[in-house]
Amino acid sequence: MNLANKITIARILMIPIFILFFPTYPDWLAEKSVFIQHINVYGIYYAAAVFLLASATDKLDGYIARKYNQITNLGKLLDPLADKLLISAALILMVSQQLLYAWIALIIIGREIIITGIRIVAASQKMALQADQYGKIKMVFQVIAIAAILLNNRPFSYFTDIPIDQILMYIALVLTVYSGYNYIRNNYRKLKLDT
């Protein structure tokens with residue numbers, strides 16, 4: 001397994017760490033553990049740091065794969081899957097803590113499930129469909145929006161009362177829907193679908 005794919009797998013392994021740090025522990029459990037109490041107060045910052053670090057590895061593995069000619073079909077499949085798992089975990093936890101409307105998470109996760117389904121069909125036909133530019137832009141906005149919401153609109157709240165984190169999430173939502181539509185439109189004819 002090459003270095004780029006190892007970095008992608010490391011990103012997937014960071015997801016449980018992100019979940020561990022997310023402050024969702026009940027009070028009865030926090031009363032029994034100083035560590036849980038600490039996580040309930042400061043864990044959101046640790047979770048945001050792990051989320052940003054994991055997201056940054058997306059650029060790193062792509063850079064290494066291109067620079068050292070390590071692009072593989074496994075990497076083409078695992079890389080977007082790692083992104084989808086990370087984003088989905090963040091959205092579900094944010095909804096559970098009422099940091100995000102459930103309908104926004106449902107649309108974004110639903111789009112990711114549909115695109116993953118298309119990728120699986122393509123993989124069964126020995127094809128690896130790569131993300132297009134819109135998908136990459138969508139990912140950037142999702143990461144920034146999620147991080148800003150996790151950090152309670154920081155650093156934007158230092159300069160303005162405008163909920164920039166929420167605005168970024170709506171932009172990410174629009175880009176998510178559009179990039180999904182564009183991906184399906186561009187790749188539908190490549191797939192040999194039984195009718």
# chains A, B, ... in the order shown; residues from 1 in each chain; ligands from 1

call {"tool": "residues_around", "arguments": {"residues": "Asp61 (chain A)", "least_positions_apart": "2", "cutoff": "7 Å", "atoms": "only C-alpha atoms", "output": "list in words"}}
result
Ala4, Ile7, Thr8, Thr57, Asp58, Lys59, Tyr63, Ile64 and Ala65 of chain A

call {"tool": "write_last_selection", "arguments": {"atoms": "N, CA and C atoms", "output": "PDB file, in the first residue's frame"}}
result
ATOM      1  N   ALA A   4       0.124   7.578  -0.094  1.00  0.00           N
ATOM      2  CA  ALA A   4      -1.118   8.339  -0.250  1.00  0.00           C
ATOM      3  C   ALA A   4      -2.303   7.580   0.336  1.00  0.00           C
ATOM      4  N   ILE A   7      -2.271   7.569   4.153  1.00  0.00           N
ATOM      5  CA  ILE A   7      -2.760   8.830   4.713  1.00  0.00           C
ATOM      6  C   ILE A   7      -4.283   8.855   4.677  1.00  0.00           C
ATOM      7  N   THR A   8      -4.865   8.354   3.598  1.00  0.00           N
ATOM      8  CA  THR A   8      -6.320   8.284   3.497  1.00  0.00           C
ATOM      9  C   THR A   8      -6.899   7.403   4.598  1.00  0.00           C
ATOM     10  N   THR A  57      -5.588  16.351   5.696  1.00  0.00           N
ATOM     11  CA  THR A  57      -4.925  15.194   5.086  1.00  0.00           C
ATOM     12  C   THR A  57      -5.522  14.876   3.720  1.00  0.00           C
ATOM     13  N   ASP A  58      -6.743  15.362   3.465  1.00  0.00           N
ATOM     14  CA  ASP A  58      -7.354  15.159   2.148  1.00  0.00           C
ATOM     15  C   ASP A  58      -6.506  15.819   1.064  1.00  0.00           C
ATOM     16  N   LYS A  59      -6.054  17.015   1.340  1.00  0.00           N
ATOM     17  CA  LYS A  59      -5.188  17.710   0.377  1.00  0.00           C
ATOM     18  C   LYS A  59      -3.825  17.035   0.293  1.00  0.00           C
ATOM     19  N   TYR A  63      -2.079  15.417  -3.001  1.00  0.00           N
ATOM     20  CA  TYR A  63      -0.822  15.999  -3.477  1.00  0.00           C
ATOM     21  C   TYR A  63       0.240  14.915  -3.663  1.00  0.00           C
ATOM     22  N   ILE A  64       0.375  14.045  -2.662  1.00  0.00           N
ATOM     23  CA  ILE A  64       1.371  12.977  -2.737  1.00  0.00           C
ATOM     24  C   ILE A  64       1.049  12.017  -3.876  1.00  0.00           C
ATOM     25  N   ALA A  65      -0.224  11.676  -4.020  1.00  0.00           N
ATOM     26  CA  ALA A  65      -0.624  10.738  -5.082  1.00  0.00           C
ATOM     27  C   ALA A  65      -0.265  11.287  -6.463  1.00  0.00           C
TER      28      ALA A  65
END

call {"tool": "residues_around", "arguments": {"residues": "region 167-176 of chain A", "least_positions_apart": "3", "cutoff": "7 Å", "atoms": "only C-alpha atoms", "output": "list in words"}}
result
Ile108, Lys138, Phe141, Gln142, Ala145, Pro163, Ile164, Ser179 and Gly180 of chain A

call {"tool": "residues_around", "arguments": {"residues": "Pro16 (chain A)", "least_positions_apart": "6", "cutoff": "10 Å", "atoms": "only C-alpha atoms", "output": "list in words"}}
result
Phe22, Leu86 and Ala89 of chain A

call {"tool": "residues_around", "arguments": {"residues": "Trp28 (chain A)", "least_positions_apart": "6", "cutoff": "12 Å", "atoms": "only C-alpha atoms", "output": "short mmCIF file (atom, residue, chain, number, x, y, z; two decimals) with N, CA, C and O atoms, in the first residue's frame"}}
result
data_model
loop_
_atom_site.label_atom_id
_atom_site.label_comp_id
_atom_site.auth_asym_id
_atom_site.auth_seq_id
_atom_site.Cartn_x
_atom_site.Cartn_y
_atom_site.Cartn_z
N VAL A 34 -13.43 12.63 35.69
CA VAL A 34 -12.86 13.96 35.46
C VAL A 34 -12.57 14.15 33.97
O VAL A 34 -12.74 15.25 33.42
N ILE A 36 -14.23 12.88 31.40
CA ILE A 36 -15.48 13.18 30.69
C ILE A 36 -15.92 14.61 30.98
O ILE A 36 -16.40 15.32 30.09
N GLN A 37 -15.75 15.06 32.22
CA GLN A 37 -16.07 16.45 32.55
C GLN A 37 -15.25 17.41 31.70
O GLN A 37 -15.76 18.41 31.17
N ASN A 40 -16.55 17.38 28.16
CA ASN A 40 -17.81 18.11 28.02
C ASN A 40 -17.61 19.63 27.98
O ASN A 40 -18.43 20.35 27.43
#

call {"tool": "residues_around", "arguments": {"residues": "Ile184 (chain A)", "least_positions_apart": "4", "cutoff": "10 Å", "atoms": "only C-alpha atoms", "output": "list in words"}}
result
Ile114, Ile115, Ile118, Tyr178, Ser179, Gly180, Tyr188 and Arg189 of chain A

call {"tool": "closest_residue", "arguments": {"among": "A:Ile15, A:Thr116, A:Ile109, A:Leu29", "to": "Tyr183 (chain A)", "atoms": "only C-alpha atoms"}}
result
A:Thr116

call {"tool": "residues_around", "arguments": {"residues": "Val95 (chain A)", "least_positions_apart": "4", "cutoff": "12 Å", "atoms": "only C-alpha atoms", "output": "list in words"}}
result
Thr24, Ser88, Ala89, Ala90, Leu91, Leu99, Leu100, Tyr101, Ala102, Trp103, Ile104, Ala105, Leu106, Ile146, Ile149 and Leu150 of chain A

call {"tool": "write_last_selection", "arguments": {"atoms": "N, CA and C atoms", "output": "short mmCIF file (atom, residue, chain, number, x, y, z; two decimals), in the first residue's frame"}}
result
data_model
loop_
_atom_site.label_atom_id
_atom_site.label_comp_id
_atom_site.auth_asym_id
_atom_site.auth_seq_id
_atom_site.Cartn_x
_atom_site.Cartn_y
_atom_site.Cartn_z
N THR A 24 -20.72 14.87 23.94
CA THR A 24 -22.10 14.38 23.94
C THR A 24 -22.37 13.46 25.13
N SER A 88 -20.14 13.22 7.39
CA SER A 88 -21.38 12.65 7.92
C SER A 88 -21.33 12.53 9.44
N ALA A 89 -20.21 12.07 9.97
CA ALA A 89 -20.07 11.96 11.43
C ALA A 89 -20.22 13.32 12.09
N ALA A 90 -19.58 14.33 11.50
CA ALA A 90 -19.67 15.69 12.06
C ALA A 90 -21.12 16.20 12.02
N LEU A 91 -21.78 16.02 10.90
CA LEU A 91 -23.15 16.52 10.76
C LEU A 91 -24.10 15.83 11.75
N LEU A 99 -26.78 21.95 16.99
CA LEU A 99 -25.92 22.96 16.37
C LEU A 99 -26.27 23.16 14.90
N LEU A 100 -27.10 22.26 14.38
CA LEU A 100 -27.42 22.27 12.95
C LEU A 100 -28.82 21.69 12.77
N TYR A 101 -29.57 22.26 11.81
CA TYR A 101 -30.89 21.71 11.49
C TYR A 101 -30.74 20.32 10.88
N ALA A 102 -31.62 19.43 11.28
CA ALA A 102 -31.55 18.05 10.79
C ALA A 102 -31.75 17.98 9.28
N TRP A 103 -32.60 18.84 8.71
CA TRP A 103 -32.88 18.75 7.27
C TRP A 103 -31.64 19.07 6.44
N ILE A 104 -30.78 19.96 6.96
CA ILE A 104 -29.54 20.27 6.24
C ILE A 104 -28.64 19.03 6.21
N ALA A 105 -28.51 18.39 7.38
CA ALA A 105 -27.69 17.18 7.45
C ALA A 105 -28.26 16.08 6.56
N LEU A 106 -29.58 15.93 6.53
CA LEU A 106 -30.21 14.90 5.71
C LEU A 106 -29.93 15.10 4.22
N ILE A 146 -18.44 23.62 8.88
CA ILE A 146 -18.54 22.74 10.05
C ILE A 146 -17.58 23.21 11.15
N ILE A 149 -18.97 26.32 12.82
CA ILE A 149 -20.09 26.02 13.71
C ILE A 149 -19.59 25.35 14.99
N LEU A 150 -18.65 24.42 14.86
CA LEU A 150 -18.08 23.78 16.04
C LEU A 150 -17.43 24.79 16.98
#

call {"tool": "closest_residue", "arguments": {"among": "A:Gly110, A:Gly117, A:Pro155, A:Pro80", "to": "Gly135 (chain A)", "atoms": "only C-alpha atoms"}}
result
A:Pro80

call {"tool": "closest_residue", "arguments": {"among": "A:Tyr181, A:Tyr46, A:Tyr25, A:Phe18", "to": "Gln97 (chain A)", "atoms": "only C-alpha atoms"}}
result
A:Tyr25

call {"tool": "atom_distance", "arguments": {"atom1": "CA of Tyr158 (chain A)", "atom2": "CA of Val41 (chain A)"}}
result
20.7 Å

call {"tool": "decode", "arguments": {"residues": "region 6-79 of chain A", "atoms": "C-alpha atoms", "output": "compact mmCIF listing (two decimals), in the first residue's frame"}}
result
# COMPACT_ATOMS: atom_id res chain seq x y z
CA LYS A 6 -1.99 5.16 4.09
CA ILE A 7 -2.76 8.83 4.71
CA THR A 8 -6.32 8.28 3.50
CA ILE A 9 -6.74 5.36 5.90
CA ALA A 10 -5.29 7.50 8.70
CA ARG A 11 -8.04 10.05 7.95
CA ILE A 12 -10.67 7.34 8.38
CA LEU A 13 -9.05 6.29 11.68
CA MET A 14 -9.26 9.89 12.94
CA ILE A 15 -13.07 9.78 12.78
CA PRO A 16 -13.48 7.73 16.00
CA ILE A 17 -11.10 10.17 17.74
CA PHE A 18 -13.25 13.08 16.53
CA ILE A 19 -16.35 11.30 17.89
CA LEU A 20 -14.62 10.58 21.22
CA PHE A 21 -13.80 14.25 21.73
CA PHE A 22 -17.25 15.50 20.74
CA PRO A 23 -18.98 16.56 24.00
CA THR A 24 -22.10 14.38 23.94
CA TYR A 25 -21.62 12.58 27.25
CA PRO A 26 -24.52 12.54 29.74
CA ASP A 27 -24.20 14.27 33.13
CA TRP A 28 -24.38 11.00 35.09
CA LEU A 29 -21.29 9.77 33.26
CA ALA A 30 -19.46 13.08 33.63
CA GLU A 31 -20.02 12.95 37.40
CA LYS A 32 -18.01 9.72 37.52
CA SER A 33 -15.05 10.87 35.41
CA VAL A 34 -12.86 13.96 35.46
CA PHE A 35 -11.85 13.15 31.87
CA ILE A 36 -15.48 13.18 30.69
CA GLN A 37 -16.07 16.45 32.55
CA HIS A 38 -13.07 17.92 30.75
CA ILE A 39 -14.36 16.65 27.39
CA ASN A 40 -17.81 18.11 28.02
CA VAL A 41 -16.23 21.54 28.54
CA TYR A 42 -13.30 21.59 26.13
CA GLY A 43 -13.93 18.61 23.87
CA ILE A 44 -15.57 20.68 21.14
CA TYR A 45 -12.24 22.45 20.58
CA TYR A 46 -10.35 19.15 20.45
CA ALA A 47 -12.98 17.75 18.09
CA ALA A 48 -12.66 20.81 15.83
CA ALA A 49 -8.86 20.43 15.80
CA VAL A 50 -9.07 16.72 14.90
CA PHE A 51 -11.69 17.51 12.24
CA LEU A 52 -9.49 20.19 10.65
CA LEU A 53 -6.40 17.94 10.81
CA ALA A 54 -8.29 15.07 9.19
CA SER A 55 -9.65 17.41 6.52
CA ALA A 56 -6.14 18.72 5.81
CA THR A 57 -4.93 15.19 5.09
CA ASP A 58 -7.35 15.16 2.15
CA LYS A 59 -5.19 17.71 0.38
CA LEU A 60 -1.99 15.97 1.49
CA ASP A 61 -2.85 12.52 0.16
CA GLY A 62 -4.04 13.99 -3.13
CA TYR A 63 -0.82 16.00 -3.48
CA ILE A 64 1.37 12.98 -2.74
CA ALA A 65 -0.62 10.74 -5.08
CA ARG A 66 -0.21 13.20 -7.96
CA LYS A 67 3.41 14.18 -7.30
CA TYR A 68 4.73 10.64 -6.87
CA ASN A 69 2.38 9.00 -9.35
CA GLN A 70 0.62 7.00 -6.62
CA ILE A 71 -2.91 7.36 -8.00
CA THR A 72 -4.68 4.02 -7.67
CA ASN A 73 -8.25 2.79 -8.07
CA LEU A 74 -8.26 2.01 -4.33
CA GLY A 75 -7.26 5.59 -3.60
CA LYS A 76 -9.93 6.94 -5.94
CA LEU A 77 -12.51 4.94 -4.01
CA LEU A 78 -11.18 5.39 -0.45
CA ASP A 79 -10.41 9.13 -0.65
